[in-house]
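Trainee: Mind having a look at this structure? Questions to follow.
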Amino acid sequence: MKFNTDRLIFVFLILLAGCGGGESESRVESGNREGVFHFGNHAEPQGLDPHIVTGIPEHHILTALFEGLVLKNPYTLDIEPGVAKAWDISDDGLTYTFQLRDNASWSNGDAITAEDFRWSWQRALSPILGSEYSYMYYPIENAEAYNTGRMADFSQVGVSVLDDHTLQVKLHSPTPYFLQLLDHYSMFPVHRATLESFGADSDRLTAWAQEGNTVTNGAFVLTEWQINSHVRVEKNRSYWDAEEVDLNAIVFYPTENLVTEERMFRDGQLHRTAEIPLDKIITYQQEQPEVTRIAPWIGSYFYMFNTNRAPMDDVRVREALAMAIDRALIAETVTQGLYTSSTALVPPGTLGYQPPQLFTFDREKAAELLTQAGYPNGEGFPAFDLLYNTNEDHRKIAVAIQQMWMKNLNITVNLVNQEWKVYLDAQNNMNYDMARRGWIGDYVDPYTFLGMYITDGGNNKTGFSNARYDEIILHEAPAELDKDKRFALYHEAETILLENMAILPIFTYQFKHLYQTSVKGMPDNIMDYYNYKYVSLDSEG
Amino acid sequence: MWRFIGFRFLQAIPVILAVITVTFFLVRAAPGGPFDQEKAVSDQVRAALEARYQLDLPMHEQYFSYMSDLFRGDMGPSFFYPGRSVNELIIQGLPITAELGFYALLTALVIGCLAGVLAALKPNTAQDYVPMSVAMIGICMPSFLLGPLLVLIFGIWLDLLPVSGWGNSQGDKILPSITLGAMTAAYIARLSRSGMLEVLNQDYMRTARAKGLPEYVVVIKHALRGGLLPVVSYLGPAFAALLSGSFVVETVFQIPGLGRFYIQAAFNRDYTMILGTTVFLSTLIVIFNLLSDIVAAWLNPRLRYQFRK
Amino acid sequence: MTSESGSVEIINIALEMPKGTSLWKDGWHRLRQNKLAIHGFSYLLLLILICLVTPWIAPYGYEEQNLRLGAVPPSAEHWLGTDTFGRDMLTRILYGGRISLAVGFIATAVALIIGVTYGAIAGYAGGKIDNAMMRLVDIFYALPYMIFIILLMVVFGRNLLLLFLAIGAVEWLVMARIVRGQIQSLRQQEYVEAAISLGLSPLAIIFKHLMPNAIGPVIVYTTLTIPNVMLLEAFLSFLGLGIQPPQSSWGVLIAYGVETMEEYPWLLIFPGLALSTTLFALNFLGDGLRDALDPKASRD
């Protein structure tokens, strides 16, 4: 019938229009040729103002656009010169003097001076701005006081400009990891004139950081930012070390869905993925090990207890719950060898530190403890809620643990899956029984983990409070210059934390990424850190 | 006729106002605010943020402030993306969702009408069952199943079409359009089938056949117009269904459209974005329903006469 | 054909003619001709039966894990295979069916009760009350329903009861419109005038006289709402807002199955088939009912 064929042809034409012979050259292949890196970046960046944002996707883009005083070597994580070409540390470890290089400039041609840093740090610490990473500055003398509004005069803070290219920083205690902090985006400089023209020095809501407005000082400049689509940065020809930069551009994609991201990689649309879906790991390890990278990451995966609420207020209950989990089994089966069991907070080997081990998987002991606490064979034990944020991995682990508790202790746990904001809110208000938590270290030192659990610490939220612990963490450890002695103190503090079982350690993280074989210069390191100056794309693929 | 249109239009306004109000208070009631972040925020900082976004004002003041801005066309700053306004984000996402919706509707119309008409011509036979079953796939298979399945077959095994994106690679608009259109195709198939059935049994059809006209002329010239009328009145609700369906399809195919913005906003508690998108989409739906009612009334002579009164 | 056999034929035909048909008998007769609808109906009955007796016939517990086993394809011990936790899929699909069907029926029942009551009142009352009530319906109708439900689930958290209410709260609108339309047109009938003059209370009139006649489209629409509800629940689960582990519905099983589509296809195929066939059956039954009960669609 006539009209049927018309419609059939119509449909056929539509299909034909699309099948332009599949893909003649994949995006990865053309990227290899042109030096354009296609980066799977997990989520849309909330913004590109380095003093306001907080996430890892933002980190990857900001480290391309900006440069701090120092950089890190991606192979060894040693500190390398950034804007600062050299520096001097006083013997007592309290004074750092940085020599800035003469040829470092902003993307609009302005020279970078020490004053740029001083002004930027003042802005970052401004109480009204509400930077959530301001605690990175706290080793600096009086930084905390200024940031919390207790001191109004910034000139009292330990940052001073000795001359156009010399910056001096005074700390209140010798912080051995201080140089590492400087490479964190919260300590990057920002361009004063641009920010002031937008009123951005104290107002977070301005558009200064968007394409067309922003002025940056890094190896790349921002050329395109289409929300939910991509962010494109291109090589900055006037960057002081531009000769060392091989890449011509990087395009960041917000690949929220892991499974779609993996398909994009397979389809030749991405050079690097942010994750690998759990169920595909074995397949990749067996069939394509050359693109698969799984390596230890400085992160801890644990559950936190609300020690103010029954039944979690009894330490024996907490210990019982901790001992009734067969971590090795989960690690082997559910998470496909991805994570490693952990019975402590700090990942082992962090700068050579070994955490204490106070317990193992022991179902008899766990049952006994529960009986001692008044719940023989789980009788009478109230059902409680375990909160976790919406994520495939977290769900799988929680489901397995829920079942283990049922089998080994005969208790009921409700799994409550919440999305990010609600989940955070519940923790912040201590409105939970038990919640899943992950913490990735901001720098390589056990302090980045242990610092969380001081009394009323902003990241504590468990009700844990111990005077000796506070004493060590706040006073003794930061003042100790000798590494072995410092580690002994950390060991003591962590032992206190674990004896009280304020948190239930489960795993140490590993990161998992897929990289095309054409990618060079992105070695594995414990911080999952990239230095784009080292990255290149092999056009042979 | 114009009175009818005007009247319906006036009725639409309180509807939209009510939608805005309900959403406004609903969103504010949600636990988890826009400024909860993983690294804890000090109280002072939180206070400063809330002041900046006017969240420290009493609820009714916030409401009036929002409404007066809204009348001037300003939907406020996004709470989640600092420096971006809701208008900006909607303008960015809208064309993409609109295009997706358009292609999906086209696919739905083609598949649906084809299936429905074929089925109506020979009811209760294979020509009825087969096309209808195919069309029904849309409502019997959730789009988050259909989409990945299509991707698996056409994107991975046959390597004919791209697996994600919109407008980035050639042909990447096909699978999302089909996935989104599938559900609507099923409804259109149903409607066109029953519409055609009703018309095909009317007396004037017998007259046309008796005149000796070939079957397909009979169908095209006489039956289609009346038979497809229910499809026209369905276009309004179809539009709404496509909008809702776009949430899932955009998530599955990583399409940067308005639907995806909405889901993210809901999870991020981006109050202004949620409100803005809801207002915007609801207004569109109301307008579309209105238009579709008007067109249906115009096409249907019975209804047309009714409004002459 | 001689006149004699001719008259025999006429008598035969007269004897075979259906005696005094009513709408229902006619409808049933037409429904029986629709093979798809009948197959759908039988399938549904079977399914409901199986799901009801599941707790007694299921081979394993639905939350029983066997981590060492992991996901294995169909075998003698596990007819439909296992998932990544080593849980038996046949059991999970059966239990999932209980939940999916429960959500479907209960939420639809909620929608039915609210919608019918609302629509009947509006249609009967007429005038200003009817106008006001229908405007309210318009308001809710204008909310893209997904937005509304997502907001509700996000605001009030997840629990099964809320899920039923939220879904029901969206689906009652069309029901209300249909019922109102029906009641409105029936209300003009003479027997209603008679009932009123007899002094029957409005409630009695609505439920004893009007509703039975309006019920045709209601049945059809109800049958068609159930699959929509089941799909809606699946969508919400996909977004992470629906049923929580270790329980699952078919929607949840499919969402999980999609993730591992290539490695363990049976995790997707079986729940997918279960949901799709059920939805097909419901839809064909609904379509068949509509064709059967609609007096206008006469067929030769």
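Chain labels follow the order of the structure tokens: the first chain is A, the next B, and so on; residue numbering restarts at 1 in every chain, and ligands are counted from 1 in their shown order.
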With 7 Å as the limit and counting only C-alpha atoms, what residues in chain B lie close to chain C? Please list them as a list in words.
Mentor: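 Result: Val15, Ala18, Val19, Ala29, Ala30, Pro31, Asn124, Cys140, Met141, Pro142, Leu145, Leu197, Glu198, Ala240, Ser244, Ala266, Ser282, Ile285 and Val286 of chain B.
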Trainee: Quick one: which chain C residues come within 8 Å of chain A, and what is the nearest atom pair for each with the distance in Å to one decimal, counting only C-alpha atoms, rows ordered by chain and ascending number, as a Markdown table?
Mentor:
| residue | atom | partner | partner_atom | distance |
| --- | --- | --- | --- | --- |
| C:Glu63 | CA | A:Gln403 | CA | 7.6 |
| C:Glu64 | CA | A:Gln403 | CA | 7.8 |
| C:Gln65 | CA | A:Gln403 | CA | 7.3 |
| C:Leu67 | CA | A:Thr333 | CA | 6.1 |
| C:Arg68 | CA | A:Thr333 | CA | 6.4 |
| C:Gly70 | CA | A:Thr333 | CA | 7.0 |
| C:Thr84 | CA | A:Val334 | CA | 6.9 |
| C:Phe85 | CA | A:Val334 | CA | 6.8 |
| C:Gly157 | CA | A:Gln418 | CA | 8.0 |
| C:Gly240 | CA | A:Thr390 | CA | 6.8 |
| C:Gln244 | CA | A:Leu415 | CA | 7.0 |
| C:Pro245 | CA | A:Leu415 | CA | 6.6 |
| C:Pro246 | CA | A:Val399 | CA | 6.7 |
| C:Glu259 | CA | A:Val259 | CA | 6.4 |
| C:Thr260 | CA | A:Asp279 | CA | 6.4 |
| C:Glu263 | CA | A:Lys280 | CA | 7.2 |
Trainee: Find the residues around A:Met323 up to 8 Å (only C-alpha atoms counted), leave out those fewer than 5 positions away in its own chain, and share them as an NGL selection string.
Mentor: :A and (359-363 or 365-366)
Trainee: Keeping C-alpha atoms for every residue in the selection just given, could you write it to a file as a compact mmCIF listing (two decimals), in the first residue's frame?
Mentor:
# COMPACT_ATOMS: atom_id res chain seq x y z
CA PHE A 359 41.31 -7.38 66.22
CA THR A 360 40.52 -9.86 63.48
CA PHE A 361 37.48 -11.61 62.09
CA ASP A 362 36.33 -13.79 64.96
CA ARG A 363 32.71 -14.79 65.07
CA LYS A 365 34.44 -13.66 70.14
CA ALA A 366 31.95 -11.34 68.53
Trainee: Please report the interatomic distance between atom CA of C:Leu253 and atom CA of C:Thr223 in Å with one decimal.
Mentor: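 A separation of 23.7 Å between them.
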Trainee: List every residue of stretch 245-324 of chain A that DSSP, applied to the backbone of this structure, assigns to helix (DSSP H, G or I), and report them as JSON, numbers by chain.
Mentor: {"A": [258, 259, 260, 261, 262, 263, 264, 265, 266, 278, 279, 280, 281, 282, 283, 284, 285, 286, 287, 315, 316, 317, 318, 319, 320, 321, 322, 323]}
Trainee: Using only C-alpha atoms, which residues sit within 7 Å of C:Tyr118 once same-chain residues fewer than 4 positions away are excluded, as a list in words?
Mentor: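 Returned residues: Ile114, Ala122 and Ala176 of chain C.
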Trainee: List the neighbours of stretch 51-59 of chain B out to 9 Å using only C-alpha atoms; skip same-chain residues closer than 4 positions along the sequence, and give me the result as JSON, numbers by chain.
Mentor: {"A": [203, 204, 205], "B": [25, 28, 46, 47, 63, 64, 77, 79]}
Trainee: With 7 Å as the cut-off and only C-alpha atoms counted, what is the closest atom pair between each nearby residue of chain A and chain B? Distances in Å to one decimal, ordered by chain and number, as a Markdown table.
Mentor:
| residue | atom | partner | partner_atom | distance |
| --- | --- | --- | --- | --- |
| A:Met1 | CA | B:Tyr216 | CA | 6.6 |
| A:Gly18 | CA | B:Gly171 | CA | 3.8 |
| A:Cys19 | CA | B:Gly171 | CA | 6.1 |
| A:Gly20 | CA | B:Gln170 | CA | 6.7 |
| A:Gly22 | CA | B:Leu160 | CA | 4.9 |
| A:Gln46 | CA | B:Tyr81 | CA | 5.1 |
| A:Gly47 | CA | B:Tyr81 | CA | 6.0 |
| A:Pro127 | CA | B:Val45 | CA | 6.4 |
| A:Ile128 | CA | B:Ala48 | CA | 5.7 |
| A:Gly130 | CA | B:Val45 | CA | 4.6 |
| A:Glu132 | CA | B:Val41 | CA | 6.0 |
| A:Arg204 | CA | B:Pro82 | CA | 6.2 |
| A:Leu205 | CA | B:Gly83 | CA | 4.2 |
| A:Thr206 | CA | B:Gly83 | CA | 4.2 |
| A:Ala207 | CA | B:Gly83 | CA | 4.3 |
| A:Asn228 | CA | B:Pro256 | CA | 4.9 |
| A:Ser229 | CA | B:Pro256 | CA | 5.5 |
| A:Arg263 | CA | B:Val163 | CA | 6.8 |
| A:Met264 | CA | B:Val163 | CA | 6.6 |
| A:Glu419 | CA | B:Phe267 | CA | 6.3 |
| A:Lys421 | CA | B:Gly32 | CA | 5.0 |
| A:Val422 | CA | B:Gly32 | CA | 4.3 |
| A:Leu424 | CA | B:Asp36 | CA | 6.1 |
| A:Asp425 | CA | B:Gly32 | CA | 4.9 |
| A:Gly458 | CA | B:Ala40 | CA | 5.1 |
| A:Asn459 | CA | B:Ala40 | CA | 5.8 |
Trainee: Under the rule that only C-alpha atoms are counted, which of B:Phe144, B:Tyr204, B:Tyr129, B:Trp298 is the nearest residue to B:Arg190?
Mentor: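 The answer is B:Tyr129, which sits nearest to B:Arg190.
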Trainee: Residues near A:Ala328, anyone? I mean within 10 Å using only C-alpha atoms, not counting same-chain ones fewer than 4 positions away, as an MDAnalysis selection string.
Mentor: chainID A and resid 332:333 337 339:342 361 506:507
Trainee: Can you check which residues of stretch 31-254 of chain A DSSP gives as strand (DSSP E or B) on the backbone and send them as a PyMOL selection string?
Mentor: chain A and resi 36-40+70-72+79-81+84-89+95-100+105+111+140+159-163+166-171+220-226+230-235+249-253
Trainee: Stretch 66-79 of chain A: which residues within 6 Å, counting only C-alpha atoms, same-chain residues fewer than 3 positions away excluded, as a PyMOL selection string?
Mentor: chain A and resi 62-63+82-84+183+188+216-218+530-531
Trainee: Go ahead and compute the interatomic distance for atom CA of A:Ile56 and atom CA of A:Asp267, in Å to one decimal.
Mentor: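 Computed distance, atom CA of A:Ile56 to atom CA of A:Asp267, equals 24.8 Å.
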Trainee: Rounded to one decimal, what separation in Å do you get between atom CA of C:Ser185 and atom CA of B:Leu291?
Mentor: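 Interatomic distance here is 25.5 Å.
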